[in-house]
Amino acid sequence: MIESQVATRTAPAHVDVEWVSRGRRDRRDALEVVDVAFESADLVRRPSSWQHKRNYEGYYWAATTGTHVWFESLFERAALMRLDRDRHVVGVAAQPMWIHWSGSGRKHAPDFFVRYRDGRGALVDVKPAQYIGYDDAEAFRRTRELCGRLGWEYLVVSDIAATEHRNLRFLSGYRFDRWGSPVVNAQLRDRSGERRTLQAWAEILDGACELPLGAVYSAVWWGSLKVDEISPLALSSVAAA
């Protein structure tokens with residue numbers, strides 16, 4: 001799951017936020033940026049690439065927003081997949097801002113800004129738990145304090161296991177509209193509370209759509225069918241409607 005990082009210290013006296021929108025760079029006091037549409041911000045930074053670089057970066061097409069979102073590692077891509085399955089998300093931007101803490105020389109670029117359907121905002125940082133060092137923890141602590149002042153959520157994704165990552169990667173192939181079906185969704189709602197294997201669900205949906213197994217995987221991606229996310233996905237996996 002995505003866990004919030006807990007902070008107890010007092011927020012810095014002054015914080016600036018720097019961002020780029022349509023190629024124009026701006027910087028303001030943090031308390032003046034609450035209404036900025038960071039979900040549409042440009043990348044404020046992008047690390048250099050070189051031959052034999054160990055981490056993989058690229059663009060992920062988010063079905064919830066219909067846009068491409070940049071990621072800096074495969075772990076970040078997995079975190080994006082988690083966000084992409086959330087129907088409450090309407091906007092995601094990568095590397096949306098620099099946060100500058102005056103007097104400390106510290107600055108931090110959160111990995112993502114998320115906009116929810118109800119207008120709420122959130123900053124998201126992504127790093128495997130075993131690689132979070134002191135400087136990371138301090139940046140996360142300060143960022144959470146700032147989010148509290150701005151009325152945003154702050155999330156740190158640090159717990160994506162290898163099995164969940166494989167499941168997400170497989171299911172993401174069924175995030176596209178062509179795999180969904182209003183008829184299938186209606187049938188699943190009518191069977192709310194029932195538990196069957198994925199194979200059995202596909203047999204039930206046979207005739208309701210052209211590719212019933214694909215529709216089942218799409219339903220798992222979007223949460224209409226719920227499975228154990230941390231166990232390997234198979235046709236024998238049990239899913240609840």
# chains A, B, ... in the order shown; residues from 1 in each chain; ligands from 1

call {"tool": "residues_around", "arguments": {"residues": "Ala200 of chain A", "least_positions_apart": "3", "cutoff": "12 Å", "atoms": "only C-alpha atoms", "output": "PyMOL selection string"}}
result
chain A and resi 194-197+203-206+212-213+216+234-240

call {"tool": "residues_around", "arguments": {"residues": "Glu164 of chain A", "least_positions_apart": "3", "cutoff": "10 Å", "atoms": "only C-alpha atoms", "output": "short mmCIF file (atom, residue, chain, number, x, y, z; two decimals) with C-alpha atoms, in the first residue's frame"}}
result
data_model
loop_
_atom_site.label_atom_id
_atom_site.label_comp_id
_atom_site.auth_asym_id
_atom_site.auth_seq_id
_atom_site.Cartn_x
_atom_site.Cartn_y
_atom_site.Cartn_z
CA ALA A 78 5.12 0.78 -10.72
CA ASP A 159 6.82 -0.91 -0.40
CA ILE A 160 6.17 -2.34 -3.88
CA ALA A 161 7.24 -5.97 -3.74
CA ASN A 167 1.14 -8.21 -11.41
CA LEU A 168 0.90 -4.49 -12.12
CA ARG A 169 3.03 -4.80 -15.23
CA PHE A 170 0.83 -7.59 -16.57
CA ASP A 228 -4.78 -10.65 -3.49
CA GLU A 229 -2.38 -8.04 -4.88
CA ILE A 230 0.75 -9.54 -3.31
CA SER A 231 0.32 -13.10 -4.62
CA PRO A 232 1.27 -14.17 -8.15
CA LEU A 233 -1.64 -13.68 -10.54
#

call {"tool": "atom_distance", "arguments": {"atom1": "atom CA of Pro47 of chain A", "atom2": "atom CA of Val114 of chain A"}}
result
21.2 Å

call {"tool": "closest_residue", "arguments": {"among": "A:Gln199, A:Thr143, A:Asn55, A:Ser158", "to": "Lys107 of chain A", "atoms": "only C-alpha atoms"}}
result
A:Thr143

call {"tool": "residues_around", "arguments": {"residues": "segment 185-189 of chain A", "least_positions_apart": "4", "cutoff": "8 Å", "atoms": "only C-alpha atoms", "output": "PyMOL selection string"}}
result
chain A and resi 180-181+205+219+224-225+241

call {"tool": "residues_around", "arguments": {"residues": "segment 171-175 of chain A", "least_positions_apart": "6", "cutoff": "10 Å", "atoms": "only C-alpha atoms", "output": "CSV table (one decimal) with N, CA and C atoms, in the first residue's frame"}}
result
chain,number,residue,atom,x,y,z
A,61,TRP,N,1.9,5.8,-20.3
A,61,TRP,CA,0.6,6.4,-20.6
A,61,TRP,C,-0.4,6.1,-19.6
A,62,ALA,N,-0.9,7.1,-18.9
A,62,ALA,CA,-1.9,6.9,-17.8
A,62,ALA,C,-3.3,6.9,-18.4
A,63,ALA,N,-4.0,5.8,-18.1
A,63,ALA,CA,-5.4,5.7,-18.6
A,63,ALA,C,-6.3,6.6,-17.9
A,64,THR,N,-6.1,6.9,-16.6
A,64,THR,CA,-7.0,7.8,-15.9
A,64,THR,C,-6.9,9.2,-16.4
A,78,ALA,N,6.1,1.6,-11.5
A,78,ALA,CA,5.1,0.8,-10.7
A,78,ALA,C,4.2,1.7,-9.8
A,81,MET,N,1.6,3.1,-11.9
A,81,MET,CA,0.6,2.2,-12.2
A,81,MET,C,-0.4,2.1,-11.0
A,82,ARG,N,0.1,2.2,-9.8
A,82,ARG,CA,-0.8,2.2,-8.7
A,82,ARG,C,-1.8,3.4,-8.8
A,84,ASP,N,-2.6,5.1,-11.4
A,84,ASP,CA,-3.4,5.0,-12.6
A,84,ASP,C,-4.6,4.1,-12.4
A,85,ARG,N,-4.6,3.3,-11.4
A,85,ARG,CA,-5.8,2.4,-11.1
A,85,ARG,C,-6.8,3.2,-10.3
A,165,HIS,N,4.8,-5.9,-8.4
A,165,HIS,CA,5.3,-5.2,-9.6
A,165,HIS,C,5.0,-6.0,-10.8
A,214,GLY,N,-9.8,-11.1,-21.2
A,214,GLY,CA,-9.3,-9.8,-21.2
A,214,GLY,C,-10.2,-8.8,-20.4
A,215,ALA,N,-11.5,-9.0,-20.5
A,215,ALA,CA,-12.4,-8.2,-19.7
A,215,ALA,C,-12.3,-8.5,-18.2
A,216,VAL,N,-11.9,-9.7,-17.8
A,216,VAL,CA,-11.7,-10.1,-16.4
A,216,VAL,C,-10.5,-9.4,-15.9
A,217,TYR,N,-9.4,-9.4,-16.7
A,217,TYR,CA,-8.1,-8.7,-16.3
A,217,TYR,C,-8.4,-7.2,-16.2
A,218,SER,N,-9.2,-6.7,-17.1
A,218,SER,CA,-9.5,-5.2,-17.1
A,218,SER,C,-10.2,-4.9,-15.8
A,219,ALA,N,-11.2,-5.8,-15.4
A,219,ALA,CA,-11.9,-5.6,-14.2
A,219,ALA,C,-11.0,-5.7,-13.0
A,220,VAL,N,-10.0,-6.5,-13.0
A,220,VAL,CA,-9.1,-6.6,-11.9
A,220,VAL,C,-8.3,-5.3,-11.8
A,221,TRP,N,-7.8,-4.8,-13.0
A,221,TRP,CA,-7.0,-3.6,-13.0
A,221,TRP,C,-7.8,-2.4,-12.4
A,222,TRP,N,-9.1,-2.3,-12.8
A,222,TRP,CA,-9.9,-1.2,-12.3
A,222,TRP,C,-10.6,-1.4,-11.0
A,233,LEU,N,-0.3,-13.6,-9.9
A,233,LEU,CA,-1.6,-13.7,-10.5
A,233,LEU,C,-1.7,-14.9,-11.5

call {"tool": "select_by_dssp", "arguments": {"residues": "segment 55-192 of chain A", "states": "strand (DSSP E or B)", "output": "JSON, numbers by chain"}}
result
{"A": [58, 59, 60, 61, 62, 67, 68, 69, 70, 71, 89, 90, 91, 92, 93, 94, 98, 99, 100, 101, 106, 107, 108, 112, 113, 114, 115, 116, 121, 122, 123, 124, 125, 126, 153, 154, 155, 156, 157]}

call {"tool": "select_by_dssp", "arguments": {"residues": "segment 49-118 of chain A", "states": "helix (DSSP H, G or I)", "output": "number ranges by chain"}}
result
A: 74-84

call {"tool": "residues_around", "arguments": {"residues": "Ala94 of chain A", "least_positions_apart": "4", "cutoff": "10 Å", "atoms": "only C-alpha atoms", "output": "list of chain:residue names"}}
result
A:Phe38, A:Glu39, A:Ser40, A:Ala41, A:Asp42, A:Leu43, A:Val44, A:Arg45, A:Arg46, A:Tyr59, A:His68, A:Val69, A:Trp70, A:Phe71, A:Glu72, A:Glu76, A:Leu80, A:Ala109, A:Pro110, A:Asp111, A:Phe112, A:Phe113, A:Val114, A:Leu123, A:Val124

call {"tool": "write_last_selection", "arguments": {"atoms": "C-alpha atoms", "output": "PDB file, in the first residue's frame"}}
result
ATOM      1  CA  PHE A  38       0.794  21.605 -10.812  1.00  0.00           C
ATOM      2  CA  GLU A  39      -0.844  18.631 -12.523  1.00  0.00           C
ATOM      3  CA  SER A  40      -0.082  20.494 -15.778  1.00  0.00           C
ATOM      4  CA  ALA A  41       3.449  21.579 -14.829  1.00  0.00           C
ATOM      5  CA  ASP A  42       6.466  20.777 -16.992  1.00  0.00           C
ATOM      6  CA  LEU A  43       9.363  18.721 -15.694  1.00  0.00           C
ATOM      7  CA  VAL A  44      11.363  20.984 -13.413  1.00  0.00           C
ATOM      8  CA  ARG A  45      14.349  18.664 -13.632  1.00  0.00           C
ATOM      9  CA  ARG A  46      15.475  15.628 -15.585  1.00  0.00           C
ATOM     10  CA  TYR A  59       7.075   7.731 -20.343  1.00  0.00           C
ATOM     11  CA  HIS A  68       2.025  10.462 -20.807  1.00  0.00           C
ATOM     12  CA  VAL A  69       3.840  10.800 -17.474  1.00  0.00           C
ATOM     13  CA  TRP A  70       7.617  10.622 -17.165  1.00  0.00           C
ATOM     14  CA  PHE A  71       9.230   8.189 -14.734  1.00  0.00           C
ATOM     15  CA  GLU A  72      12.827   7.950 -13.569  1.00  0.00           C
ATOM     16  CA  GLU A  76       8.513   4.870 -10.151  1.00  0.00           C
ATOM     17  CA  LEU A  80       2.472   5.348 -11.422  1.00  0.00           C
ATOM     18  CA  ALA A 109      11.942  17.861  -6.199  1.00  0.00           C
ATOM     19  CA  PRO A 110       9.071  15.487  -5.307  1.00  0.00           C
ATOM     20  CA  ASP A 111       8.493  12.736  -7.839  1.00  0.00           C
ATOM     21  CA  PHE A 112       4.830  13.425  -8.624  1.00  0.00           C
ATOM     22  CA  PHE A 113       1.991  15.853  -8.066  1.00  0.00           C
ATOM     23  CA  VAL A 114      -1.477  14.280  -8.070  1.00  0.00           C
ATOM     24  CA  LEU A 123       2.763  15.249  -3.509  1.00  0.00           C
ATOM     25  CA  VAL A 124       4.243  11.782  -3.928  1.00  0.00           C
TER      26      VAL A 124
END

call {"tool": "atom_distance", "arguments": {"atom1": "atom CA of Ser21 of chain A", "atom2": "atom CA of Asp86 of chain A"}}
result
25.3 Å

call {"tool": "closest_residue", "arguments": {"among": "A:Arg191, A:Pro96, A:Gly23, A:Gly91", "to": "Gly66 of chain A", "atoms": "only C-alpha atoms"}}
result
A:Gly91

call {"tool": "atom_distance", "arguments": {"atom1": "atom CA of Val15 of chain A", "atom2": "atom CA of Arg141 of chain A"}}
result
13.7 Å

call {"tool": "residues_around", "arguments": {"residues": "Val34 of chain A", "least_positions_apart": "5", "cutoff": "10 Å", "atoms": "only C-alpha atoms", "output": "VMD selection string"}}
result
chain A and resid 121 147 149 to 152

call {"tool": "write_last_selection", "arguments": {"atoms": "N, CA and C atoms", "output": "mmCIF file, in the first residue's frame"}}
result
data_model
loop_
_atom_site.group_PDB
_atom_site.id
_atom_site.type_symbol
_atom_site.label_atom_id
_atom_site.label_comp_id
_atom_site.auth_asym_id
_atom_site.auth_seq_id
_atom_site.Cartn_x
_atom_site.Cartn_y
_atom_site.Cartn_z
ATOM 1 N N GLY A 121 -5.065 18.107 -3.718
ATOM 2 C CA GLY A 121 -3.755 17.867 -4.302
ATOM 3 C C GLY A 121 -2.926 16.977 -3.404
ATOM 4 N N CYS A 147 3.287 20.174 2.989
ATOM 5 C CA CYS A 147 1.974 19.744 2.505
ATOM 6 C C CYS A 147 0.891 19.985 3.543
ATOM 7 N N ARG A 149 0.809 22.420 5.629
ATOM 8 C CA ARG A 149 0.526 23.854 5.609
ATOM 9 C C ARG A 149 -0.334 24.233 4.405
ATOM 10 N N LEU A 150 -0.161 23.504 3.297
ATOM 11 C CA LEU A 150 -0.878 23.840 2.066
ATOM 12 C C LEU A 150 -2.197 23.085 1.916
ATOM 13 N N GLY A 151 -2.465 22.168 2.825
ATOM 14 C CA GLY A 151 -3.698 21.388 2.723
ATOM 15 C C GLY A 151 -3.617 20.270 1.703
ATOM 16 N N TRP A 152 -2.394 19.852 1.342
ATOM 17 C CA TRP A 152 -2.196 18.743 0.424
ATOM 18 C C TRP A 152 -1.905 17.468 1.200
#
